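Colleague: My structure is in query_7.cif, and what it holds is mmCIF, C-alpha atoms:
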data_input
#
loop_
_atom_site.label_atom_id
_atom_site.label_comp_id
_atom_site.auth_asym_id
_atom_site.auth_seq_id
_atom_site.Cartn_x
_atom_site.Cartn_y
_atom_site.Cartn_z
CA MET A 765 -20.37 41.38 -22.78
CA THR A 766 -17.17 40.18 -24.36
CA LEU A 767 -15.09 42.65 -22.38
CA VAL A 768 -16.55 41.45 -19.09
CA ALA A 769 -16.14 37.79 -19.99
CA ASP A 770 -12.51 38.38 -20.99
CA THR A 771 -11.51 39.45 -17.49
CA ILE A 772 -12.54 36.07 -16.05
CA ARG A 773 -10.06 33.28 -16.84
CA ASN A 774 -10.04 29.90 -15.09
CA GLY A 775 -12.69 31.32 -12.75
CA VAL A 776 -10.28 34.07 -11.64
CA ASP A 777 -11.14 37.74 -12.16
CA THR A 778 -7.86 38.82 -13.73
CA GLU A 779 -8.80 42.50 -13.65
CA LYS A 780 -9.23 42.24 -9.88
CA LEU A 781 -6.04 40.14 -9.68
CA PHE A 782 -3.92 42.78 -11.40
CA ALA A 783 -5.61 45.59 -9.40
CA THR A 784 -4.74 43.71 -6.18
CA LEU A 785 -1.11 43.35 -7.24
CA ASP A 786 -0.93 47.07 -8.10
CA LEU A 787 -2.49 48.06 -4.78
CA ILE A 788 -0.06 45.90 -2.77
CA ARG A 789 2.90 47.26 -4.73
CA ALA A 790 1.77 50.78 -3.88
CA ARG A 791 0.88 50.06 -0.24
CA PRO A 792 2.98 47.11 0.97
CA GLU A 793 1.63 47.46 4.53
CA LEU A 794 -1.64 45.98 3.21
CA ALA A 795 0.19 42.67 2.57
CA ARG A 796 0.21 41.72 6.28
CA PHE A 797 -2.18 38.78 6.80
CA GLN A 798 -2.82 36.55 9.80
CA PHE A 799 -4.70 33.26 9.44
CA ARG A 800 -6.04 31.28 12.41
CA ALA A 801 -7.51 27.99 13.51
CA THR A 802 -8.98 27.02 16.86
CA ASN A 803 -9.08 23.36 17.77
CA ARG A 804 -10.88 21.38 20.45
CA TRP A 805 -10.31 17.78 21.50
CA ILE A 806 -13.48 15.66 21.39
CA ASP A 807 -12.42 12.07 22.26
CA GLY A 808 -9.47 9.84 21.47
CA SER A 809 -8.02 10.88 18.11
CA HIS A 810 -11.13 12.91 17.27
CA ASN A 811 -10.64 16.66 17.37
CA ARG A 812 -12.20 19.54 15.50
CA SER A 813 -10.93 22.84 14.14
CA THR A 814 -13.03 25.93 13.54
CA ILE A 815 -11.75 28.44 11.02
CA LYS A 816 -13.36 31.77 10.31
CA GLY A 817 -11.76 35.12 11.11
CA PHE A 818 -8.51 36.43 9.69
CA TYR A 819 -6.61 39.69 9.47
CA ALA A 820 -5.97 41.07 6.00
CA ALA A 821 -5.16 44.32 4.24
CA GLY A 822 -5.12 46.52 7.32
CA GLY A 823 -8.06 45.13 9.27
CA GLU A 824 -10.02 42.16 10.49
CA ASP A 825 -11.83 40.51 7.58
CA THR A 826 -15.53 39.99 8.34
CA THR A 827 -16.78 38.74 4.99
CA ARG A 828 -17.12 35.11 6.04
CA GLY A 829 -20.62 34.36 7.18
CA GLU A 830 -19.95 30.93 8.63
CA ALA A 831 -16.99 29.10 10.07
CA PHE A 832 -15.38 26.13 8.34
CA VAL A 833 -15.50 23.11 10.64
CA LEU A 834 -12.88 20.38 10.10
CA ASP A 835 -12.87 17.04 11.89
CA ALA A 836 -9.68 15.04 12.26
CA GLY A 837 -9.26 11.40 13.25
CA GLU A 838 -7.17 8.30 12.81
CA PRO A 839 -7.96 4.93 11.23
CA ALA A 840 -8.32 1.85 13.43
CA ILE A 841 -4.71 0.77 12.89
CA LEU A 842 -3.65 4.05 14.52
CA LEU A 843 -6.14 3.58 17.38
CA GLY A 844 -8.90 5.80 16.08
CA SER A 845 -12.34 5.35 14.55
CA ASP A 846 -11.97 7.33 11.30
CA THR A 847 -13.74 10.46 12.51
CA GLY A 848 -11.95 12.38 9.79
CA ALA A 849 -8.84 12.40 7.64
CA ASN A 850 -5.74 12.18 9.78
CA PRO A 851 -3.44 15.17 10.37
CA ALA A 852 -0.75 14.00 7.92
CA GLU A 853 -3.42 13.53 5.23
CA TYR A 854 -4.67 17.07 5.93
CA LEU A 855 -1.14 18.30 5.32
CA LEU A 856 -1.14 16.54 1.91
CA HIS A 857 -4.48 18.20 1.13
CA ALA A 858 -3.11 21.62 2.16
CA LEU A 859 -0.17 21.13 -0.19
CA ALA A 860 -2.31 19.87 -3.09
CA ALA A 861 -4.81 22.71 -2.67
CA CYS A 862 -2.15 25.43 -2.51
CA LEU A 863 -0.22 24.19 -5.54
CA THR A 864 -3.45 23.81 -7.51
CA THR A 865 -4.70 27.30 -6.70
CA SER A 866 -1.28 28.71 -7.51
CA ILE A 867 -1.33 26.94 -10.89
CA VAL A 868 -4.81 28.33 -11.63
CA TYR A 869 -3.86 31.91 -10.68
CA VAL A 870 -0.52 31.85 -12.52
CA ALA A 871 -2.23 30.45 -15.61
CA ALA A 872 -4.92 33.14 -15.41
CA ALA A 873 -2.28 35.87 -15.21
CA ARG A 874 -0.41 34.39 -18.18
CA LYS A 875 -3.51 34.04 -20.37
CA VAL A 876 -3.50 30.23 -20.25
CA GLU A 877 -6.99 28.73 -20.25
CA LEU A 878 -6.88 25.50 -18.24
CA THR A 879 -9.22 22.59 -18.83
CA SER A 880 -8.14 20.34 -15.95
CA VAL A 881 -5.73 20.18 -13.02
CA GLU A 882 -5.49 16.89 -11.16
CA SER A 883 -2.94 15.64 -8.69
CA THR A 884 -2.07 12.67 -6.54
CA LEU A 885 0.11 13.16 -3.47
CA THR A 886 1.86 10.45 -1.51
CA GLY A 887 3.74 10.71 1.75
CA GLU A 888 6.05 7.98 3.06
CA MET A 889 6.36 7.51 6.79
CA ASP A 890 8.04 5.10 9.18
CA VAL A 891 5.67 5.29 12.14
CA ARG A 892 8.35 4.13 14.59
CA GLY A 893 9.35 7.78 14.86
CA ALA A 894 5.96 9.23 15.80
CA LEU A 895 5.19 6.25 18.06
CA GLY A 896 8.46 6.76 19.92
CA VAL A 897 9.59 3.17 19.26
CA ASP A 898 12.86 4.14 17.60
CA GLU A 899 14.84 7.39 17.61
CA GLU A 900 16.20 6.98 14.10
CA PRO A 901 13.20 7.50 11.77
CA ARG A 902 11.86 11.04 11.70
CA ASN A 903 8.28 11.56 12.91
CA GLY A 904 6.86 12.97 9.70
CA PHE A 905 6.99 12.03 6.03
CA GLU A 906 10.46 11.23 4.74
CA ARG A 907 9.38 12.59 1.36
CA ILE A 908 6.27 13.71 -0.45
CA GLY A 909 5.60 12.97 -4.12
CA VAL A 910 3.24 15.18 -6.12
CA SER A 911 2.08 14.04 -9.58
CA PHE A 912 0.17 16.65 -11.55
CA ARG A 913 -1.79 16.24 -14.73
CA VAL A 914 -2.50 19.66 -16.23
CA THR A 915 -4.31 20.34 -19.51
CA GLY A 916 -5.18 23.60 -21.24
CA ASP A 917 -4.85 25.71 -24.37
CA ALA A 918 -1.07 26.09 -24.15
CA ALA A 919 1.85 23.95 -25.29
CA ALA A 920 3.21 21.33 -22.89
CA GLU A 921 6.30 23.40 -22.14
CA LYS A 922 4.22 26.44 -21.20
CA LEU A 923 1.99 24.32 -18.94
CA ARG A 924 5.09 22.94 -17.23
CA GLU A 925 6.42 26.45 -16.77
CA VAL A 926 3.11 27.45 -15.12
CA VAL A 927 3.52 24.57 -12.64
CA ARG A 928 7.15 25.53 -11.93
CA ARG A 929 6.19 29.15 -11.34
CA ALA A 930 3.26 28.07 -9.12
CA ALA A 931 5.53 25.92 -6.94
CA LYS A 932 7.91 28.87 -6.65
CA ARG A 933 5.03 31.01 -5.32
CA SER A 934 2.95 28.56 -3.28
CA ALA A 935 2.68 29.41 0.42
CA VAL A 936 2.19 25.81 1.58
CA TYR A 937 4.88 24.42 -0.75
CA ASP A 938 7.30 26.93 0.81
CA MET A 939 6.28 25.94 4.34
CA VAL A 940 6.36 22.18 3.73
CA THR A 941 9.69 22.21 1.92
CA ASN A 942 11.49 24.84 4.03
CA GLY A 943 9.82 24.61 7.43
CA VAL A 944 8.41 27.37 9.65
CA PRO A 945 9.40 28.44 13.18
CA VAL A 946 6.64 27.29 15.56
CA THR A 947 6.24 28.40 19.19
CA VAL A 948 4.06 26.37 21.56
CA ASP A 949 2.64 27.90 24.75
CA VAL A 950 0.72 25.92 27.34
CA ALA A 951 -1.80 27.04 29.97
CA THR A 952 -3.05 24.45 32.44
CA ASP A 953 -5.93 26.18 34.20
CA MET B 868 -16.11 -4.45 33.86
CA THR B 869 -13.55 -2.43 35.76
CA LEU B 870 -10.70 -4.15 33.97
CA VAL B 871 -12.17 -3.39 30.56
CA ALA B 872 -12.90 0.22 31.47
CA ASP B 873 -9.36 0.70 32.78
CA THR B 874 -7.78 0.01 29.40
CA ILE B 875 -9.61 2.99 27.83
CA ARG B 876 -8.13 6.34 28.78
CA ASN B 877 -8.93 9.62 26.99
CA GLY B 878 -10.84 7.52 24.48
CA VAL B 879 -7.66 5.60 23.61
CA ASP B 880 -7.47 1.83 24.08
CA THR B 881 -4.16 1.72 25.94
CA GLU B 882 -3.98 -2.08 25.84
CA LYS B 883 -4.14 -1.90 22.05
CA LEU B 884 -1.69 1.02 22.09
CA PHE B 885 0.95 -0.92 24.03
CA ALA B 886 0.33 -4.07 21.93
CA THR B 887 0.89 -1.97 18.78
CA LEU B 888 4.16 -0.58 20.14
CA ASP B 889 5.35 -4.10 21.07
CA LEU B 890 4.43 -5.45 17.63
CA ILE B 891 6.29 -2.67 15.80
CA ARG B 892 9.32 -3.12 18.04
CA ALA B 893 9.35 -6.83 17.14
CA ARG B 894 8.61 -6.33 13.43
CA PRO B 895 9.86 -2.89 12.36
CA GLU B 896 8.99 -3.57 8.70
CA LEU B 897 5.32 -3.12 9.72
CA ALA B 898 6.06 0.54 10.47
CA ARG B 899 6.12 1.54 6.76
CA PHE B 900 3.05 3.65 5.98
CA GLN B 901 2.05 5.65 2.93
CA PHE B 902 -0.73 8.24 3.07
CA ARG B 903 -2.31 9.79 -0.02
CA ALA B 904 -4.58 12.52 -1.30
CA THR B 905 -5.96 13.07 -4.78
CA ASN B 906 -7.03 16.57 -5.73
CA ARG B 907 -9.08 17.99 -8.58
CA TRP B 908 -9.49 21.61 -9.61
CA ILE B 909 -13.11 22.74 -9.82
CA ASP B 910 -13.08 26.48 -10.64
CA GLY B 911 -10.97 29.46 -9.63
CA SER B 912 -9.59 28.83 -6.14
CA HIS B 913 -12.05 25.99 -5.55
CA ASN B 914 -10.49 22.53 -5.56
CA ARG B 915 -11.31 19.30 -3.80
CA SER B 916 -9.25 16.48 -2.29
CA THR B 917 -10.42 12.92 -1.84
CA ILE B 918 -8.70 10.85 0.83
CA LYS B 919 -9.34 7.18 1.42
CA GLY B 920 -6.78 4.44 0.81
CA PHE B 921 -3.43 4.14 2.52
CA TYR B 922 -0.69 1.55 2.94
CA ALA B 923 0.00 0.36 6.49
CA ALA B 924 1.57 -2.53 8.34
CA GLY B 925 2.50 -4.59 5.31
CA GLY B 926 -0.52 -4.09 3.09
CA GLU B 927 -3.16 -1.79 1.67
CA ASP B 928 -5.61 -0.77 4.39
CA THR B 929 -9.21 -1.32 3.29
CA THR B 930 -11.06 -0.54 6.52
CA ARG B 931 -12.33 2.87 5.42
CA GLY B 932 -15.81 2.59 3.96
CA GLU B 933 -16.02 6.09 2.52
CA ALA B 934 -13.60 8.70 1.32
CA PHE B 935 -13.07 11.99 3.14
CA VAL B 936 -13.85 14.88 0.81
CA LEU B 937 -12.19 18.23 1.53
CA ASP B 938 -12.97 21.46 -0.29
CA ALA B 939 -10.48 24.29 -0.40
CA GLY B 940 -11.04 27.90 -1.40
CA GLU B 941 -9.98 31.47 -0.81
CA PRO B 942 -11.85 34.45 0.63
CA ALA B 943 -12.88 37.34 -1.63
CA ILE B 944 -9.80 39.40 -0.81
CA LEU B 945 -7.69 36.58 -2.29
CA LEU B 946 -9.95 36.36 -5.35
CA GLY B 947 -12.05 33.40 -4.26
CA SER B 948 -15.60 32.85 -3.05
CA ASP B 949 -14.97 31.01 0.24
CA THR B 950 -15.65 27.52 -1.07
CA GLY B 951 -13.63 26.15 1.84
CA ALA B 952 -10.84 27.00 4.24
CA ASN B 953 -7.76 28.14 2.36
CA PRO B 954 -4.66 25.94 2.03
CA ALA B 955 -2.64 27.80 4.68
CA GLU B 956 -5.56 27.46 7.11
CA TYR B 957 -5.67 23.71 6.35
CA LEU B 958 -1.99 23.54 7.30
CA LEU B 959 -2.80 25.18 10.66
CA HIS B 960 -5.57 22.62 11.17
CA ALA B 961 -3.20 19.75 10.32
CA LEU B 962 -0.73 21.03 12.91
CA ALA B 963 -3.40 21.60 15.59
CA ALA B 964 -4.92 18.16 15.01
CA CYS B 965 -1.59 16.32 15.11
CA LEU B 966 -0.37 18.04 18.27
CA THR B 967 -3.73 17.45 19.96
CA THR B 968 -3.85 13.75 19.07
CA SER B 969 -0.24 13.37 20.21
CA ILE B 970 -1.11 15.01 23.54
CA VAL B 971 -4.09 12.67 24.01
CA TYR B 972 -2.06 9.53 23.18
CA VAL B 973 0.94 10.52 25.29
CA ALA B 974 -1.36 11.34 28.22
CA ALA B 975 -3.13 7.98 27.83
CA ALA B 976 0.19 6.12 27.89
CA ARG B 977 1.30 8.05 30.99
CA LYS B 978 -1.96 7.48 32.89
CA VAL B 979 -3.04 11.12 32.72
CA GLU B 980 -6.79 11.57 32.41
CA LEU B 981 -7.46 14.69 30.36
CA THR B 982 -10.58 16.80 30.70
CA SER B 983 -9.93 19.31 27.89
CA VAL B 984 -7.43 20.19 25.19
CA GLU B 985 -8.00 23.43 23.31
CA SER B 986 -5.70 25.39 21.06
CA THR B 987 -5.54 28.52 18.96
CA LEU B 988 -3.06 28.72 16.11
CA THR B 989 -2.00 31.85 14.28
CA GLY B 990 0.15 32.16 11.18
CA GLU B 991 1.67 35.48 10.04
CA MET B 992 2.17 36.06 6.34
CA ASP B 993 3.28 38.89 4.09
CA VAL B 994 1.33 38.05 0.93
CA ARG B 995 3.76 39.98 -1.30
CA GLY B 996 5.79 36.75 -1.42
CA ALA B 997 3.06 34.41 -2.64
CA LEU B 998 1.66 37.08 -4.99
CA GLY B 999 5.08 37.55 -6.56
CA VAL B 1000 5.09 41.30 -5.85
CA ASP B 1001 8.34 41.30 -3.89
CA GLU B 1002 11.17 38.77 -3.70
CA GLU B 1003 12.02 39.51 -0.07
CA PRO B 1004 9.11 38.10 2.00
CA ARG B 1005 8.85 34.33 1.97
CA ASN B 1006 5.69 32.81 0.45
CA GLY B 1007 4.48 31.01 3.56
CA PHE B 1008 4.00 31.91 7.20
CA GLU B 1009 6.97 33.66 8.78
CA ARG B 1010 6.05 32.02 12.07
CA ILE B 1011 3.25 30.00 13.64
CA GLY B 1012 2.08 30.47 17.22
CA VAL B 1013 0.29 27.64 19.04
CA SER B 1014 -1.46 28.36 22.36
CA PHE B 1015 -2.70 25.28 24.20
CA ARG B 1016 -4.97 25.08 27.20
CA VAL B 1017 -4.78 21.57 28.66
CA THR B 1018 -6.61 20.36 31.78
CA GLY B 1019 -6.64 16.97 33.48
CA ASP B 1020 -5.99 15.01 36.66
CA ALA B 1021 -2.26 15.74 36.78
CA ALA B 1022 -0.19 18.61 38.13
CA ALA B 1023 0.55 21.54 35.84
CA GLU B 1024 4.17 20.46 35.38
CA LYS B 1025 3.14 16.97 34.29
CA LEU B 1026 0.60 18.38 31.82
CA ARG B 1027 3.30 20.63 30.38
CA GLU B 1028 5.62 17.63 30.08
CA VAL B 1029 2.91 15.75 28.16
CA VAL B 1030 2.70 18.66 25.69
CA ARG B 1031 6.50 18.80 25.32
CA ARG B 1032 6.67 15.07 24.67
CA ALA B 1033 3.76 15.28 22.21
CA ALA B 1034 5.50 18.02 20.20
CA LYS B 1035 8.65 15.88 20.17
CA ARG B 1036 6.62 13.02 18.60
CA SER B 1037 4.11 14.79 16.37
CA ALA B 1038 4.42 13.94 12.66
CA VAL B 1039 3.03 17.26 11.41
CA TYR B 1040 4.98 19.34 13.95
CA ASP B 1041 8.14 17.66 12.64
CA MET B 1042 7.20 18.36 9.02
CA VAL B 1043 6.14 21.97 9.58
CA THR B 1044 9.16 22.89 11.67
CA ASN B 1045 11.81 20.91 9.76
CA GLY B 1046 10.44 20.69 6.24
CA VAL B 1047 10.09 17.67 3.94
CA PRO B 1048 11.64 16.97 0.52
CA VAL B 1049 8.90 17.31 -2.11
CA THR B 1050 9.15 16.19 -5.74
CA VAL B 1051 6.69 17.53 -8.32
CA ASP B 1052 6.05 15.69 -11.60
CA VAL B 1053 3.88 17.08 -14.38
CA ALA B 1054 2.04 15.32 -17.20
CA THR B 1055 0.30 17.47 -19.81
CA ASP B 1056 -1.76 15.01 -21.81
#
Show how you would write the structure in this file as structure tokens.

Modeller:
Amino acid sequence: MTLVADTIRNGVDTEKLFATLDLIRARPELARFQFRATNRWIDGSHNRSTIKGFYAAGGEDTTRGEAFVLDAGEPAILLGSDTGANPAEYLLHALAACLTTSIVYVAAARKVELTSVESTLTGEMDVRGALGVDEEPRNGFERIGVSFRVTGDAAAEKLREVVRRAAKRSAVYDMVTNGVPVTVDVATD
Amino acid sequence: MTLVADTIRNGVDTEKLFATLDLIRARPELARFQFRATNRWIDGSHNRSTIKGFYAAGGEDTTRGEAFVLDAGEPAILLGSDTGANPAEYLLHALAACLTTSIVYVAAARKVELTSVESTLTGEMDVRGALGVDEEPRNGFERIGVSFRVTGDAAAEKLREVVRRAAKRSAVYDMVTNGVPVTVDVATD
């Protein structure tokens, strides 16, 4: 009983975590993943993404029974009717979620038992850019601030080191801070 | 009746759209917005963001009655139990949603009546980076592909021009392609 319980830390099966790392070290071709989203416009600023299938570890993953359905929108001041969080808010959520999961996994690997991880993210934007009113402000956030509060059974310095290591390994933190090449194709029939 | 109907195109109130642009041109200080997300870890890769308040046009916006609640997770192969789309998938959704809304708004302003906007996004990742197994692959997507299918009452070349203009104005497209400075603060008590 104790042995089984010991492998689970912060809700992460550390035995499976280390086995996964060993497997990918031995067979790096299994590290190729492709994630996907399909989106459909509904009306005005309301559109909806469906997320289900992905490619992982040498094949199409079929373990997900149902798709995740995400609705986007805009508030009234941006000409919408609040049919969902807006796209820039979804980006903040993506960043918060990725950093948090990275913190939890890094802590699990380093034998740190966490009791709480909370964060507040803020993004500052001059909407003249996105609205095309002025060429000077950029379209997106000028900067994003992330404030974490992390508690657990380790000293403050160790908890801070877990957060630093998590940021160094987070997929979305990498993408948001460094950018990603994006290609856009258009069909019209 | 006809006059009222004419101001709505693609579900966007174009009269309000042009009035907003004129107002922001006249009073650029109203263009300062701040969006926010607060996130809380639940267990393992399961965490949840709450999104409600934001600052816009000179004050705190209070028009949203309820918060948007977004759950993130990971599939089994990434040590989760599919409690939500994963953070990288949320980033794809943010990008799809922002480009789509930009297409719809640009089309409305240019008197193009759209009949459909659909997209599929793919992101390619070598998970050795995020898992810390190898220093060479980056943590995030190496590249993102966006395939749009857009139909409406304009010629193919005009529809393509709407998509080009939308990408040039999209907040999330800007952030994902160019990156954003992110600061991370940590409190441990």

Colleague: Do you know which residues are at most 12 Å from Glu925 (chain A) counting all atoms listed in the file, after dropping those on the same chain fewer than 5 positions away, and could you put them as an MDAnalysis selection string?

Modeller: (chainID A and resid 867 870:871 874 876 914 918:920 930:932) or (chainID B and resid 1052:1055)

Colleague: Given the choices A:Arg796, A:Arg791, A:Arg929, A:Lys816, which gets closest to chain B if the distance is worked out from only C-alpha atoms?

Modeller: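 With only C-alpha atoms as the atom set, the closest residue is A:Arg796.
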
Colleague: Expand the PyMOL selection byres ((chain B and resi 1044-1047) around 6) into the explicit residue set it covers here, and present it as an MDAnalysis selection string.

Modeller: (chainID A and resid 907 940:945) or (chainID B and resid 1040:1043 1048)

Colleague: Kindly resolve the PyMOL selection byres ((chain B and resi 925) around 12) on the present coordinates and return the residues as a ChimeraX atom specification.

Modeller: /A:841,890 /B:891,894-901,921-924,926-928

Colleague: Please provide the set of residues having any atom within 8 Å of Val1051 (chain B), restricted to only C-alpha atoms, with same-chain residues fewer than 3 positions apart removed, written as an MDAnalysis selection string.

Modeller: chainID A and resid 909:912

Colleague: For this structure, which residues satisfy the selection - the PyMOL selection byres ((chain B and resi 875) around 12) - when it is evaluated on the file as given? I want them as a list in words.

Modeller: Asp807, Gly808 and Leu843 of chain A; Met868, Thr869, Leu870, Val871, Ala872, Asp873, Thr874, Arg876, Asn877, Gly878, Val879, Asp880, Thr881, Glu882, Lys883, Leu884, Phe885, Val971, Tyr972, Ala974, Ala975, Ala976, Lys978, Val979 and Glu980 of chain B

Colleague: What would the file look like if the residues just selected were written as a PDB file, keeping the file's coordinate frame with C-alpha atoms?

Modeller:
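Ended up saving to selection_37.pdb:
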ATOM      1  CA  ASP A 807     -12.420  12.070  22.260  1.00  0.00           C
ATOM      2  CA  GLY A 808      -9.470   9.840  21.470  1.00  0.00           C
ATOM      3  CA  LEU A 843      -6.140   3.580  17.380  1.00  0.00           C
TER       4      LEU A 843
ATOM      5  CA  MET B 868     -16.110  -4.450  33.860  1.00  0.00           C
ATOM      6  CA  THR B 869     -13.550  -2.430  35.760  1.00  0.00           C
ATOM      7  CA  LEU B 870     -10.700  -4.150  33.970  1.00  0.00           C
ATOM      8  CA  VAL B 871     -12.170  -3.390  30.560  1.00  0.00           C
ATOM      9  CA  ALA B 872     -12.900   0.220  31.470  1.00  0.00           C
ATOM     10  CA  ASP B 873      -9.360   0.700  32.780  1.00  0.00           C
ATOM     11  CA  THR B 874      -7.780   0.010  29.400  1.00  0.00           C
ATOM     12  CA  ARG B 876      -8.130   6.340  28.780  1.00  0.00           C
ATOM     13  CA  ASN B 877      -8.930   9.620  26.990  1.00  0.00           C
ATOM     14  CA  GLY B 878     -10.840   7.520  24.480  1.00  0.00           C
ATOM     15  CA  VAL B 879      -7.660   5.600  23.610  1.00  0.00           C
ATOM     16  CA  ASP B 880      -7.470   1.830  24.080  1.00  0.00           C
ATOM     17  CA  THR B 881      -4.160   1.720  25.940  1.00  0.00           C
ATOM     18  CA  GLU B 882      -3.980  -2.080  25.840  1.00  0.00           C
ATOM     19  CA  LYS B 883      -4.140  -1.900  22.050  1.00  0.00           C
ATOM     20  CA  LEU B 884      -1.690   1.020  22.090  1.00  0.00           C
ATOM     21  CA  PHE B 885       0.950  -0.920  24.030  1.00  0.00           C
ATOM     22  CA  VAL B 971      -4.090  12.670  24.010  1.00  0.00           C
ATOM     23  CA  TYR B 972      -2.060   9.530  23.180  1.00  0.00           C
ATOM     24  CA  ALA B 974      -1.360  11.340  28.220  1.00  0.00           C
ATOM     25  CA  ALA B 975      -3.130   7.980  27.830  1.00  0.00           C
ATOM     26  CA  ALA B 976       0.190   6.120  27.890  1.00  0.00           C
ATOM     27  CA  LYS B 978      -1.960   7.480  32.890  1.00  0.00           C
ATOM     28  CA  VAL B 979      -3.040  11.120  32.720  1.00  0.00           C
ATOM     29  CA  GLU B 980      -6.790  11.570  32.410  1.00  0.00           C
TER      30      GLU B 980
END

Colleague: CA of Thr968 (chain B) and CA of Leu885 (chain A), how far apart in Å?

Modeller: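 For CA of Leu885 (chain A) relative to CA of Thr968 (chain B), the distance reads 22.9 Å.
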
Colleague: What lies within 9 Å of Leu785 (chain A) using all atoms listed in the file, ignoring chain neighbours under 5 positions off, as a PyMOL selection string?

Modeller: (chain A and resi 780+790) or (chain B and resi 995+998-1000)

Colleague: In Å, with one decimal, what is the gap from CA of Ala801 (chain A) to CA of Ser1037 (chain B)?

Modeller: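 Distance reported for this atom pair: 17.8 Å.
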
Colleague: What is the CA of Phe1008 (chain B)-CA of Val946 (chain A) distance in Å, reported with one decimal?

Modeller: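 Taking CA of Phe1008 (chain B) as the start and CA of Val946 (chain A) as the end point, the length is 9.9 Å.
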
Colleague: Counting all atoms listed in the file, figure out which residue out of B:Thr950, B:Thr1018, B:Thr989, B:Thr1050 gets nearest to His913 (chain B).

Modeller: B:Thr950

Colleague: Would you please work out which residue, of B:Leu981, B:Leu958, B:Val1029, B:Leu890, is nearest to chain A when using only C-alpha atoms?

Modeller: B:Leu958

Colleague: Give the answer as one residue: which of B:Glu941, B:Glu933, B:Asp1020, B:Asp889 has the shortest atom-to-atom distance to Ser983 (chain B), using all atoms listed in the file?

Modeller: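 Smallest distance to Ser983 (chain B) is found for B:Asp1020.
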